[in-house]
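**Q** Input structure: data.txt, which contains compact mmCIF, C-alpha atoms and all ligand atoms.
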```
# COMPACT_ATOMS: atom_id res chain seq x y z
CA MET X 1 203.46 150.33 44.05
CA ARG X 2 199.74 150.38 44.55
CA HIS X 3 197.96 150.23 41.21
CA VAL X 4 195.23 152.83 41.12
CA TRP X 5 192.85 153.90 38.37
CA ARG X 6 191.28 157.26 37.68
CA TRP X 7 187.49 157.33 37.70
CA PHE X 8 185.56 160.50 36.92
CA GLY X 9 182.45 159.41 38.84
CA PRO X 10 179.09 158.24 37.51
CA ILE X 11 179.52 160.28 34.30
CA ASP X 12 182.56 158.18 33.39
CA LYS X 13 181.87 155.81 30.49
CA VAL X 14 184.49 153.47 31.97
CA THR X 15 182.86 151.93 35.04
CA ILE X 16 184.07 150.76 38.43
CA SER X 17 183.53 147.18 37.21
CA ASP X 18 185.79 147.94 34.25
CA ALA X 19 188.44 149.33 36.60
CA ARG X 20 188.29 146.17 38.70
CA GLN X 21 188.65 143.92 35.65
CA ALA X 22 191.54 146.04 34.40
CA GLY X 23 193.44 145.12 37.57
CA ALA X 24 193.01 148.28 39.64
CA GLU X 25 193.57 147.99 43.40
CA GLY X 26 192.20 151.41 44.25
CA ILE X 27 190.49 154.44 42.76
CA VAL X 28 191.57 158.01 42.08
CA SER X 29 188.62 160.38 41.89
CA ALA X 30 187.31 163.89 42.50
CA LEU X 31 183.99 165.64 42.98
CA HIS X 32 184.06 167.29 39.56
CA HIS X 33 180.50 168.59 39.91
CA ILE X 34 181.38 170.88 42.84
CA PRO X 35 182.41 174.37 41.65
CA TYR X 36 185.95 175.52 42.32
CA GLY X 37 186.24 177.28 45.65
CA ALA X 38 183.21 175.52 47.23
CA VAL X 39 183.34 173.03 50.11
CA TRP X 40 183.36 169.27 49.54
CA THR X 41 180.79 168.21 52.13
CA PRO X 42 180.94 164.97 54.14
CA GLU X 43 177.74 163.80 52.37
CA GLU X 44 179.17 164.27 48.87
CA ILE X 45 182.42 162.59 49.87
CA GLU X 46 180.56 159.65 51.39
CA LYS X 47 178.41 159.32 48.27
CA ARG X 48 181.52 159.00 46.09
CA CYS X 49 182.99 156.39 48.49
CA GLN X 50 179.77 154.37 48.13
CA GLU X 51 179.80 154.66 44.34
CA ILE X 52 183.34 153.31 44.29
CA ALA X 53 182.51 150.44 46.65
CA ARG X 54 180.00 148.82 44.24
CA MET X 55 180.25 147.10 40.90
CA ASP X 56 177.65 147.77 38.18
CA ASP X 57 175.47 144.91 39.49
CA GLY X 58 175.61 146.16 43.10
CA THR X 59 178.08 143.58 44.42
CA PRO X 60 181.11 144.84 46.40
CA SER X 61 183.93 146.11 44.17
CA THR X 62 186.56 145.75 46.95
CA LEU X 63 187.91 149.09 45.68
CA THR X 64 188.34 152.16 47.85
CA TRP X 65 188.85 155.84 47.09
CA ASP X 66 192.61 156.06 47.59
CA VAL X 67 193.65 159.34 46.03
CA VAL X 68 191.91 162.66 45.43
CA GLU X 69 192.69 164.11 42.00
CA SER X 70 192.19 167.00 42.18
CA LEU X 71 191.09 169.18 45.04
CA PRO X 72 191.13 172.21 42.75
CA VAL X 73 192.74 175.52 43.63
CA SER X 74 190.54 178.35 42.35
CA GLU X 75 191.79 181.10 40.07
CA ASP X 76 190.95 183.54 42.88
CA ILE X 77 193.47 181.78 45.13
CA LYS X 78 196.11 181.74 42.38
CA THR X 79 195.67 185.45 41.64
CA GLN X 80 194.89 186.46 45.25
CA THR X 81 191.83 188.38 44.16
CA GLY X 82 188.07 188.21 44.71
CA ASN X 83 186.99 185.54 47.16
CA TRP X 84 190.41 183.99 47.65
CA LYS X 85 190.36 184.09 51.45
CA GLU X 86 186.96 182.44 51.58
CA HIS X 87 188.15 179.85 49.06
CA ILE X 88 191.12 179.02 51.28
CA ASP X 89 188.79 178.61 54.27
CA ASN X 90 186.61 176.32 52.15
CA TYR X 91 189.65 174.40 50.99
CA ARG X 92 190.61 173.78 54.60
CA LEU X 93 187.08 172.57 55.37
CA SER X 94 187.27 170.17 52.43
CA MET X 95 190.59 168.90 53.78
CA ASN X 96 188.99 168.20 57.17
CA ASN X 97 186.09 166.39 55.53
CA LEU X 98 188.35 164.30 53.30
CA ALA X 99 190.59 163.35 56.22
CA ALA X 100 187.53 162.34 58.28
CA ALA X 101 186.49 160.01 55.44
CA GLY X 102 189.92 158.34 55.52
CA LEU X 103 191.44 159.99 52.43
CA ARG X 104 195.16 160.67 52.75
CA VAL X 105 196.67 161.59 49.37
CA ILE X 106 195.55 164.78 47.66
CA CYS X 107 196.69 165.80 44.19
CA TYR X 108 196.19 169.33 42.86
CA ASN X 109 197.91 171.72 40.51
CA PHE X 110 198.82 175.38 40.38
CA MET X 111 198.61 175.99 36.62
CA PRO X 112 196.99 179.33 35.77
CA VAL X 113 193.83 179.19 33.62
CA LEU X 114 194.64 176.03 31.66
CA ASP X 115 195.09 172.54 33.06
CA TRP X 116 196.62 169.98 30.65
CA THR X 117 196.55 171.25 27.09
CA ARG X 118 196.51 169.39 23.76
CA THR X 119 195.67 170.51 20.24
CA ASP X 120 194.28 167.14 19.15
CA LEU X 121 192.42 164.74 21.43
CA ARG X 122 192.01 161.94 18.88
CA TRP X 123 195.05 161.96 16.61
CA LYS X 124 195.24 158.92 14.38
CA THR X 125 198.26 156.70 15.09
CA ALA X 126 199.97 154.34 12.66
CA HIS X 127 198.25 151.34 14.29
CA GLY X 128 194.81 152.82 13.56
CA GLY X 129 193.93 153.88 17.11
CA THR X 130 194.05 157.46 18.35
CA THR X 131 196.05 159.39 20.92
CA MET X 132 196.39 162.92 22.28
CA ARG X 133 198.81 165.29 20.63
CA TYR X 134 200.22 168.77 21.14
CA ASP X 135 201.22 170.47 17.91
CA LEU X 136 203.22 173.61 18.59
CA ILE X 137 202.30 175.13 15.21
CA ASP X 138 198.57 174.56 15.75
CA PHE X 139 198.85 176.01 19.24
CA ALA X 140 200.73 179.07 17.97
CA ALA X 141 198.16 179.47 15.16
CA PHE X 142 195.43 179.47 17.80
CA ASP X 143 197.26 181.97 19.98
CA LEU X 144 198.27 184.35 17.16
CA PHE X 145 195.37 184.20 14.73
CA ILE X 146 192.30 182.89 16.59
CA LEU X 147 192.71 184.20 20.13
CA ARG X 148 194.74 187.13 18.72
CA ARG X 149 196.63 187.70 21.94
CA PRO X 150 198.43 191.02 21.44
CA GLN X 151 201.77 189.95 22.98
CA ALA X 152 201.84 186.58 21.23
CA PHE X 153 204.13 187.73 18.42
CA SER X 154 206.97 188.26 20.88
CA ASP X 155 206.52 184.79 22.40
CA TYR X 156 207.42 182.59 19.40
CA PRO X 157 210.49 182.35 17.15
CA ALA X 158 210.04 183.78 13.63
CA ALA X 159 210.01 180.33 12.03
CA VAL X 160 207.12 179.21 14.28
CA ILE X 161 205.19 182.41 13.52
CA ASP X 162 205.65 181.84 9.76
CA ALA X 163 204.57 178.22 9.97
CA ALA X 164 201.60 179.14 12.17
CA GLY X 165 200.52 181.79 9.66
CA ARG X 166 200.57 179.25 6.85
CA ARG X 167 198.72 176.72 9.03
CA ALA X 168 196.03 179.22 10.04
CA LYS X 169 195.28 179.89 6.35
CA THR X 170 194.32 176.22 5.94
CA PHE X 171 191.74 176.33 8.79
CA ASP X 172 188.06 176.40 7.91
CA ASP X 173 185.57 177.43 10.62
CA ALA X 174 185.00 173.87 11.80
CA THR X 175 188.74 173.19 12.15
CA ALA X 176 189.25 176.41 14.08
CA ALA X 177 186.30 175.65 16.38
CA ARG X 178 187.59 172.13 17.03
CA LEU X 179 191.04 173.47 17.88
CA VAL X 180 189.56 175.93 20.39
CA ALA X 181 187.47 173.17 21.97
CA ASN X 182 190.48 170.82 22.17
CA ILE X 183 192.65 173.44 23.83
CA ARG X 184 189.89 174.13 26.34
CA ALA X 185 189.04 170.46 26.93
CA GLY X 186 190.74 170.09 30.33
CA LEU X 187 188.55 168.11 32.65
CA PRO X 188 184.84 167.93 33.40
CA GLY X 189 184.18 171.07 35.38
CA ALA X 190 187.79 172.19 35.06
CA THR X 191 186.89 175.53 33.55
CA GLU X 192 183.52 177.15 33.42
CA ALA X 193 184.10 179.40 30.46
CA THR X 194 184.67 178.14 26.94
CA ASP X 195 184.47 181.09 24.62
CA LEU X 196 187.34 183.25 23.47
CA GLU X 197 186.12 186.39 25.20
CA SER X 198 186.06 184.74 28.60
CA MET X 199 189.46 183.23 27.93
CA ARG X 200 190.81 186.72 27.16
CA ARG X 201 189.35 187.92 30.46
CA GLU X 202 190.92 185.06 32.39
CA LEU X 203 194.29 185.80 30.79
CA ALA X 204 193.92 189.49 31.62
CA ASP X 205 193.67 188.55 35.31
CA TYR X 206 197.31 187.48 35.06
CA ALA X 207 198.55 190.62 33.29
CA ASP X 208 200.53 191.69 36.38
CA ILE X 209 201.44 188.24 37.64
CA ASP X 210 204.86 186.97 36.61
CA ALA X 211 206.47 183.70 37.70
CA ASP X 212 207.89 185.17 40.92
CA THR X 213 204.53 186.65 41.93
CA LEU X 214 202.73 183.41 41.16
CA ARG X 215 205.34 181.49 43.15
CA GLY X 216 204.76 183.86 46.05
CA HIS X 217 201.03 183.17 45.86
CA PHE X 218 201.71 179.45 45.74
CA ILE X 219 203.92 179.63 48.81
CA ASP X 220 201.24 181.66 50.64
CA PHE X 221 198.71 178.95 49.75
CA LEU X 222 201.07 176.20 50.93
CA SER X 223 201.66 178.06 54.21
CA GLU X 224 197.89 178.02 54.77
CA ILE X 225 197.28 174.36 54.02
CA VAL X 226 200.46 172.41 54.83
CA PRO X 227 200.36 172.81 58.64
CA LEU X 228 196.73 171.63 58.64
CA ALA X 229 197.62 168.77 56.28
CA GLU X 230 200.33 167.71 58.75
CA GLN X 231 197.82 167.68 61.61
CA LEU X 232 195.33 165.69 59.56
CA GLY X 233 197.94 163.26 58.20
CA LEU X 234 197.28 164.34 54.61
CA ARG X 235 199.94 164.15 51.90
CA PHE X 236 199.54 166.89 49.31
CA CYS X 237 201.14 166.36 45.93
CA CYS X 238 201.34 168.99 43.23
CA HIS X 239 200.97 167.91 39.62
CA PRO X 240 203.46 169.43 37.14
CA ASP X 241 202.56 171.81 34.33
CA ASP X 242 201.41 169.97 31.24
CA PRO X 243 203.06 170.83 28.94
CA PRO X 244 205.93 172.06 31.12
CA TRP X 245 206.58 175.55 29.76
CA PRO X 246 204.85 178.97 29.84
CA MET X 247 201.79 179.23 27.58
CA LEU X 248 199.64 182.12 26.35
CA GLY X 249 201.90 184.50 28.24
CA LEU X 250 200.99 182.80 31.52
CA PRO X 251 203.70 181.97 34.04
CA ARG X 252 204.32 178.30 34.86
CA ILE X 253 206.15 177.37 38.04
CA THR X 254 206.01 173.55 38.26
CA SER X 255 207.80 172.50 35.08
CA THR X 256 211.30 171.47 36.15
CA GLU X 257 213.30 169.94 38.99
CA ASP X 258 214.49 173.39 39.97
CA ASP X 259 210.87 174.61 40.21
CA TYR X 260 210.00 171.75 42.55
CA VAL X 261 213.11 172.20 44.69
CA ARG X 262 212.11 175.84 45.26
CA LEU X 263 208.57 174.94 46.32
CA LEU X 264 209.56 171.97 48.44
CA THR X 265 212.22 173.89 50.31
CA ALA X 266 210.03 177.00 50.78
CA VAL X 267 207.56 174.93 52.81
CA ASP X 268 209.54 171.90 53.90
CA SER X 269 207.18 169.24 55.19
CA PRO X 270 206.30 165.63 54.44
CA ALA X 271 202.81 166.98 53.67
CA ASN X 272 204.16 169.13 50.82
CA GLY X 273 204.94 166.74 47.99
CA ILE X 274 204.85 165.93 44.30
CA THR X 275 202.66 164.06 41.87
CA PHE X 276 205.39 162.64 39.69
CA CYS X 277 203.85 162.74 36.21
CA THR X 278 206.32 161.33 33.71
CA GLY X 279 204.28 162.36 30.68
CA ALA X 280 203.95 165.98 31.74
CA LEU X 281 207.57 166.43 32.90
CA GLY X 282 208.89 164.25 30.07
CA ALA X 283 207.70 166.61 27.33
CA ARG X 284 210.96 168.44 28.12
CA ALA X 285 214.09 166.49 27.22
CA ASP X 286 216.05 168.39 29.89
CA ASN X 287 214.05 166.85 32.77
CA ASP X 288 216.07 163.83 33.95
CA LEU X 289 213.18 161.70 35.20
CA PRO X 290 214.96 158.78 36.96
CA GLY X 291 217.37 161.33 38.51
CA MET X 292 214.43 163.41 39.74
CA VAL X 293 212.93 160.34 41.41
CA LYS X 294 216.27 159.68 43.12
CA ARG X 295 216.66 163.25 44.33
CA LEU X 296 213.04 164.19 45.11
CA GLY X 297 211.87 160.66 45.97
CA PRO X 298 210.98 161.18 49.65
CA LYS X 299 208.43 163.81 48.55
CA ILE X 300 206.77 161.76 45.80
CA HIS X 301 203.30 160.83 47.08
CA PHE X 302 201.71 159.77 43.81
CA ALA X 303 202.99 158.65 40.40
CA HIS X 304 201.41 159.06 36.96
CA LEU X 305 203.19 156.81 34.49
CA ARG X 306 202.96 157.37 30.74
CA SER X 307 205.24 158.13 27.83
CA VAL X 308 205.42 160.83 25.18
CA ARG X 309 207.20 161.03 21.84
CA ARG X 310 208.91 164.39 21.49
CA GLU X 311 208.56 165.20 17.82
CA ASP X 312 211.11 167.97 17.39
CA GLY X 313 213.01 168.09 20.68
CA THR X 314 212.58 171.85 21.16
CA ILE X 315 211.20 173.54 24.29
CA PRO X 316 208.40 174.31 23.64
CA GLY X 317 207.84 171.63 21.04
CA SER X 318 205.33 169.23 19.55
CA PHE X 319 204.72 165.82 21.13
CA HIS X 320 202.19 163.05 21.25
CA GLU X 321 201.28 160.44 23.83
CA ASP X 322 202.94 157.16 22.88
CA GLU X 323 202.32 153.65 24.17
CA HIS X 324 203.46 153.27 27.78
CA LEU X 325 206.62 151.35 26.93
CA ALA X 326 207.42 153.23 23.72
CA GLY X 327 208.23 156.89 23.10
CA ASP X 328 211.02 158.94 24.61
CA ILE X 329 210.42 158.17 28.28
CA ASP X 330 212.31 155.28 29.82
CA LEU X 331 209.55 154.07 32.13
CA PRO X 332 211.44 150.94 33.28
CA ALA X 333 214.19 153.28 34.55
CA VAL X 334 211.57 155.41 36.37
CA VAL X 335 209.91 152.31 37.86
CA THR X 336 213.34 151.09 39.03
CA ALA X 337 213.90 154.40 40.81
CA LEU X 338 210.41 154.35 42.36
CA LEU X 339 210.93 150.80 43.65
CA ASP X 340 214.27 151.88 45.16
CA GLU X 341 212.47 154.75 46.88
CA GLU X 342 209.82 152.39 48.23
CA ALA X 343 212.53 150.10 49.61
CA ARG X 344 214.30 153.07 51.19
CA ARG X 345 211.05 154.18 52.87
CA ALA X 346 210.38 150.66 54.12
CA ARG X 347 213.85 150.60 55.74
CA GLU X 348 213.06 153.95 57.34
CA GLY X 349 209.80 152.50 58.67
CA ARG X 350 207.65 155.04 56.82
CA GLY X 351 203.93 154.28 56.85
CA ASP X 352 203.65 155.44 53.25
CA ALA X 353 206.33 153.15 51.81
CA VAL X 354 203.99 151.99 49.05
CA ILE X 355 203.50 154.69 46.41
CA PRO X 356 200.15 154.86 44.60
CA MET X 357 200.68 154.74 40.84
CA ARG X 358 198.18 155.03 38.07
CA PRO X 359 198.69 154.19 34.41
CA ASP X 360 198.28 157.70 33.09
CA HIS X 361 196.30 158.22 29.93
CA GLY X 362 196.13 155.58 27.25
CA GLN X 363 195.67 155.46 23.54
CA ASP X 364 192.19 154.70 22.23
CA ILE X 365 192.45 151.18 20.84
CA LEU X 366 190.05 148.34 19.98
CA THR X 367 186.60 149.14 21.43
CA ASP X 368 187.80 152.40 23.04
CA THR X 369 187.05 154.30 19.85
CA ALA X 370 183.36 153.37 20.09
CA ARG X 371 183.07 154.06 23.81
CA ASN X 372 184.32 157.62 23.53
CA ALA X 373 185.27 158.06 27.19
CA GLN X 374 187.02 161.05 28.75
CA PRO X 375 189.94 162.12 26.48
CA GLY X 376 193.07 160.22 27.55
CA TYR X 377 191.13 157.86 29.81
CA PRO X 378 189.93 154.92 27.69
CA ALA X 379 189.35 151.46 29.20
CA ILE X 380 191.49 149.25 26.97
CA GLY X 381 194.35 151.66 26.32
CA ARG X 382 194.84 152.16 30.06
CA LEU X 383 194.35 148.48 30.83
CA LYS X 384 197.18 147.76 28.39
CA GLY X 385 199.37 150.40 30.01
CA LEU X 386 198.68 149.05 33.49
CA ALA X 387 199.36 145.48 32.40
CA GLU X 388 202.67 146.49 30.82
CA LEU X 389 203.75 148.49 33.85
CA LYS X 390 202.81 145.69 36.22
CA GLY X 391 204.94 143.37 34.09
CA VAL X 392 207.90 145.72 34.33
CA GLU X 393 207.46 146.00 38.08
CA ARG X 394 207.13 142.26 38.61
CA GLY X 395 210.17 141.61 36.42
CA LEU X 396 212.28 144.11 38.33
CA LYS X 397 211.15 142.77 41.71
CA SER X 398 211.99 139.19 40.85
CA LYS X 399 215.54 140.00 39.70
C1 LIG F 1 195.37 165.05 32.96
C2 LIG F 1 195.72 165.10 34.39
C3 LIG F 1 195.66 166.49 34.98
C4 LIG F 1 195.72 166.41 36.49
C5 LIG F 1 195.64 167.73 37.18
C6 LIG F 1 195.98 167.54 38.64
O1 LIG F 1 195.03 164.04 32.46
O2 LIG F 1 196.91 164.50 34.64
O3 LIG F 1 194.50 167.12 34.59
O4 LIG F 1 194.65 165.66 36.96
O5 LIG F 1 196.50 168.64 36.63
O6 LIG F 1 195.58 168.64 39.35
```
Please express what this file holds, its structure, as structure tokens.
Ligand code: DNO
**A**
Amino acid sequence: MRHVWRWFGPIDKVTISDARQAGAEGIVSALHHIPYGAVWTPEEIEKRCQEIARMDDGTPSTLTWDVVESLPVSEDIKTQTGNWKEHIDNYRLSMNNLAAAGLRVICYNFMPVLDWTRTDLRWKTAHGGTTMRYDLIDFAAFDLFILRRPQAFSDYPAAVIDAAGRRAKTFDDATAARLVANIRAGLPGATEATDLESMRRELADYADIDADTLRGHFIDFLSEIVPLAEQLGLRFCCHPDDPPWPMLGLPRITSTEDDYVRLLTAVDSPANGITFCTGALGARADNDLPGMVKRLGPKIHFAHLRSVRREDGTIPGSFHEDEHLAGDIDLPAVVTALLDEEARRAREGRGDAVIPMRPDHGQDILTDTARNAQPGYPAIGRLKGLAELKGVERGLKSK
């Protein structure tokens, strides 16, 4: 595997020099400052390549921009409203510009309104560090009693509604505001709106869009971009829903193996692939991760490796992000399957036999707490994850 490291650009408190010292071989980045739907110009792309090429002191970093995460799909494209056709044209221009700059792997997602969602971004762990957590009761309390979504009462079991009601009574204004901010955290530039009213409006845009309609829109989008991606030699890889179940009444269509099989067969091309995110998919116990790598392997263009601890085993349920080699995900088994897939590709003579992998997320440990970087993307916590995963890989390869 090629060990890559996510870097959010110059705003990232973890620098390119840090990435290099952590053992990264390449960088995963995006132009977060460009609004969704707009074109990524050759100048902006080149600027990011230059930023990646230098250490803090100006010397060469030897790192290159290997993977785009994400080239975002606008809400207009997902709902097929407003400027969606223009956004698709712009998306295609961005693809041309990225290909011309030598980029080949492009990660994106098709989650409506919310990208990854947690209720707590700095949950204290037993070892004194912090990690990200999703508490189903907090989330339901937000949905039912803060957002006050009218249909929410039919979306949760009675026991969850009761518990959420009791939980909501304990919230003071500051706790409620923090919960809203955490749920909306996403990524820099991921969503423009942050207040409840705008969130209600965004949800209303999906009132008539169920999973089948959204899937139809996704397939229309793929039909527009995949043939061009093939021509340009780009490998697109869709990130799964995180967490992998419907939320806030919104449909989710990339949560399970079956979801992926439908999308991969609808537009069958080497350019239409998967970002295999073990932490996102692994929040459901019914996703067989090593089996998915075996069955969907040829279409995996990018891997995100991290573990979660499922706290109650229900779907939906509460979970938190555990250390990379702890929790409920058997990462050594996933790495074994990925190495088998790489070997299979090498035998086939595929040019993309080596799969880019990044240590996904990390707990905030040691000096991470003071640095306060992007939630989930601390320096030391990820360095530890990468070191552990490299150890697993080396051990398996030398067997
Ligand atoms: C969270 C990330 C996701 C991912 C996007 C890809 O940390 O894994 O936000 O980048 O969903 O489009």
**Q** Report as a compact mmCIF listing (two decimals) with C-alpha atoms, in the frame of the given file which protein, DNA and RNA residues come within 8 Å of ligand LIG 1 (chain F), using only C-alpha atoms and all ligand atoms.
**A**
```txt
# COMPACT_ATOMS: atom_id res chain seq x y z
CA GLU X 69 192.69 164.11 42.00
CA SER X 70 192.19 167.00 42.18
CA LEU X 71 191.09 169.18 45.04
CA PRO X 72 191.13 172.21 42.75
CA CYS X 107 196.69 165.80 44.19
CA TYR X 108 196.19 169.33 42.86
CA ASN X 109 197.91 171.72 40.51
CA PHE X 110 198.82 175.38 40.38
CA MET X 111 198.61 175.99 36.62
CA ASP X 115 195.09 172.54 33.06
CA TRP X 116 196.62 169.98 30.65
CA GLY X 186 190.74 170.09 30.33
CA LEU X 187 188.55 168.11 32.65
CA CYS X 238 201.34 168.99 43.23
CA HIS X 239 200.97 167.91 39.62
CA PRO X 240 203.46 169.43 37.14
CA ASP X 241 202.56 171.81 34.33
CA ASP X 242 201.41 169.97 31.24
CA CYS X 277 203.85 162.74 36.21
CA ALA X 280 203.95 165.98 31.74
CA HIS X 304 201.41 159.06 36.96
CA ASP X 360 198.28 157.70 33.09
CA HIS X 361 196.30 158.22 29.93
CA GLY X 376 193.07 160.22 27.55
CA TYR X 377 191.13 157.86 29.81
```
**Q** When you draw a straight line from CA of Leu386 (chain X) to CA of Pro359 (chain X), how long is it in Å?
**A**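 Rounded to one decimal, the two atoms are 5.2 Å apart.
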**Q** Residues at most 10 Å from Asp155 (chain X), counting only C-alpha atoms, excluding those fewer than 2 positions away in the same chain, as number ranges by chain?
**A** X: 140, 143-144, 151-153, 157-158, 160-161, 246-249
**Q** Give as a list in words every residue, naming chains and numbers as the document does, that has an atom within 6 Å of (198.2, 166.8, 48.9), counting only C-alpha atoms.
**A**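 All residues meeting the 6 Å criterion around (198.2, 166.8, 48.9) are Val105, Ile106, Cys107, Arg235, Phe236 and Cys237 of chain X.
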**Q** Nearest residue to Arg20 (chain X) out of X:His3, X:Lys85, X:Arg295, X:Lys390, using all atoms listed in the file?
**A**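 The closest residue to Arg20 (chain X) is X:His3.
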**Q** Which polymer residues, protein or nucleic acid, are no farther than 9 Å from (204.8, 167.1, 15.3), counting only C-alpha atoms, as a compact mmCIF listing (two decimals) with C-alpha atoms, in the frame of the given file?
**A**
```txt
# COMPACT_ATOMS: atom_id res chain seq x y z
CA ARG X 133 198.81 165.29 20.63
CA TYR X 134 200.22 168.77 21.14
CA ASP X 135 201.22 170.47 17.91
CA LEU X 136 203.22 173.61 18.59
CA ILE X 137 202.30 175.13 15.21
CA ARG X 310 208.91 164.39 21.49
CA GLU X 311 208.56 165.20 17.82
CA ASP X 312 211.11 167.97 17.39
CA GLY X 317 207.84 171.63 21.04
CA SER X 318 205.33 169.23 19.55
CA PHE X 319 204.72 165.82 21.13
CA HIS X 320 202.19 163.05 21.25
```
**Q** Mind giving me the straight-line distance from CA of Ile52 (chain X) to CA of Phe302 (chain X) in Å, one decimal?
**A**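 Separation between CA of Ile52 (chain X) and CA of Phe302 (chain X): 19.5 Å.
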**Q** If you count all atoms listed in the file, which residues fall within 10 Å of Ile183 (chain X), apart from same-chain ones fewer than 4 positions away, as a list in words?
**A**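 The residues satisfying every condition are Leu114, Asp115, Trp116, Thr117, Arg118, Thr119, Asp120, Leu121, Tyr134, Phe139, Phe142, Arg178, Leu179 and Thr194 of chain X.
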**Q** Do you have the CA of Tyr91 (chain X)-CA of Ile225 (chain X) distance handy?
**A**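 Computing it gives 8.2 Å between the two atoms.
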**Q** Go through X:Ala126, X:Val226, X:Ala19, X:Leu305 one by one, measure the shortest atom-to-atom distance of each to Ser269 (chain X) using only C-alpha atoms, and give the residue with the smallest value.
**A**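 With only C-alpha atoms as the atom set, the closest residue is X:Val226.
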**Q** Calculated over only C-alpha atoms, which of the candidates X:Gln21, X:Thr254, X:Thr131, X:Thr15 has the smallest distance to Leu214 (chain X)?
**A** X:Thr254
**Q** Here is a test: counting all atoms listed in the file, which residue of X:Leu325, X:Val293, X:Val73, X:Asp368 is nearest to Ala387 (chain X)?
**A** X:Leu325
**Q** X:Ala353, X:Leu232, X:Met1, X:Leu263: which is nearest Asp212 (chain X), counting all atoms listed in the file?
**A**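 Among the listed residues, the smallest separation from Asp212 (chain X) belongs to X:Leu263.
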**Q** Between X:Thr314, X:Asn272, X:Asn83, X:Gln231, which one has atoms that come closest to Pro298 (chain X), using only C-alpha atoms?
**A**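 Between X:Thr314, X:Asn272, X:Asn83, X:Gln231, the residue approaching Pro298 (chain X) most closely is X:Asn272.
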**Q** Write out as a list in words which residues come within 9 Å of region 327-332 of chain X when counting all atoms listed in the file, dropping same-chain ones fewer than 5 positions away.
**A**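 Answer for this query is Thr278, Gly279, Gly282, Ala283, Ala285, Leu289, Pro290, Leu305, Arg306, Ser307, Val308, Arg309, Arg310, His320, Glu321, Asp322, Ala337, Leu389, Val392, Glu393 and Leu396 of chain X.
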**Q** For the residues in that selection, give me C-alpha atoms as a PDB file, in the coordinates of the input.
**A**
```
ATOM      1  CA  THR X 278     206.320 161.330  33.710  1.00  0.00           C
ATOM      2  CA  GLY X 279     204.280 162.360  30.680  1.00  0.00           C
ATOM      3  CA  GLY X 282     208.890 164.250  30.070  1.00  0.00           C
ATOM      4  CA  ALA X 283     207.700 166.610  27.330  1.00  0.00           C
ATOM      5  CA  ALA X 285     214.090 166.490  27.220  1.00  0.00           C
ATOM      6  CA  LEU X 289     213.180 161.700  35.200  1.00  0.00           C
ATOM      7  CA  PRO X 290     214.960 158.780  36.960  1.00  0.00           C
ATOM      8  CA  LEU X 305     203.190 156.810  34.490  1.00  0.00           C
ATOM      9  CA  ARG X 306     202.960 157.370  30.740  1.00  0.00           C
ATOM     10  CA  SER X 307     205.240 158.130  27.830  1.00  0.00           C
ATOM     11  CA  VAL X 308     205.420 160.830  25.180  1.00  0.00           C
ATOM     12  CA  ARG X 309     207.200 161.030  21.840  1.00  0.00           C
ATOM     13  CA  ARG X 310     208.910 164.390  21.490  1.00  0.00           C
ATOM     14  CA  HIS X 320     202.190 163.050  21.250  1.00  0.00           C
ATOM     15  CA  GLU X 321     201.280 160.440  23.830  1.00  0.00           C
ATOM     16  CA  ASP X 322     202.940 157.160  22.880  1.00  0.00           C
ATOM     17  CA  ALA X 337     213.900 154.400  40.810  1.00  0.00           C
ATOM     18  CA  LEU X 389     203.750 148.490  33.850  1.00  0.00           C
ATOM     19  CA  VAL X 392     207.900 145.720  34.330  1.00  0.00           C
ATOM     20  CA  GLU X 393     207.460 146.000  38.080  1.00  0.00           C
ATOM     21  CA  LEU X 396     212.280 144.110  38.330  1.00  0.00           C
TER      22      LEU X 396
END
```
**Q** Write out as a PyMOL selection string each polymer residue whose atoms come within 10 Å of Arg122 (chain X), counting only C-alpha atoms; drop sequence neighbours fewer than 6 positions from it.
**A** chain X and resi 129-133+182+363-364+369+372+375-376
**Q** Can you pull out the residues contacting Leu228 (chain X)? Cut-off 12 Å, using only C-alpha atoms, and skip same-chain residues under 5 positions away; I want them as a PyMOL selection string.
**A** chain X and resi 88-89+91-96+99+221-223+233-236+269+271-272
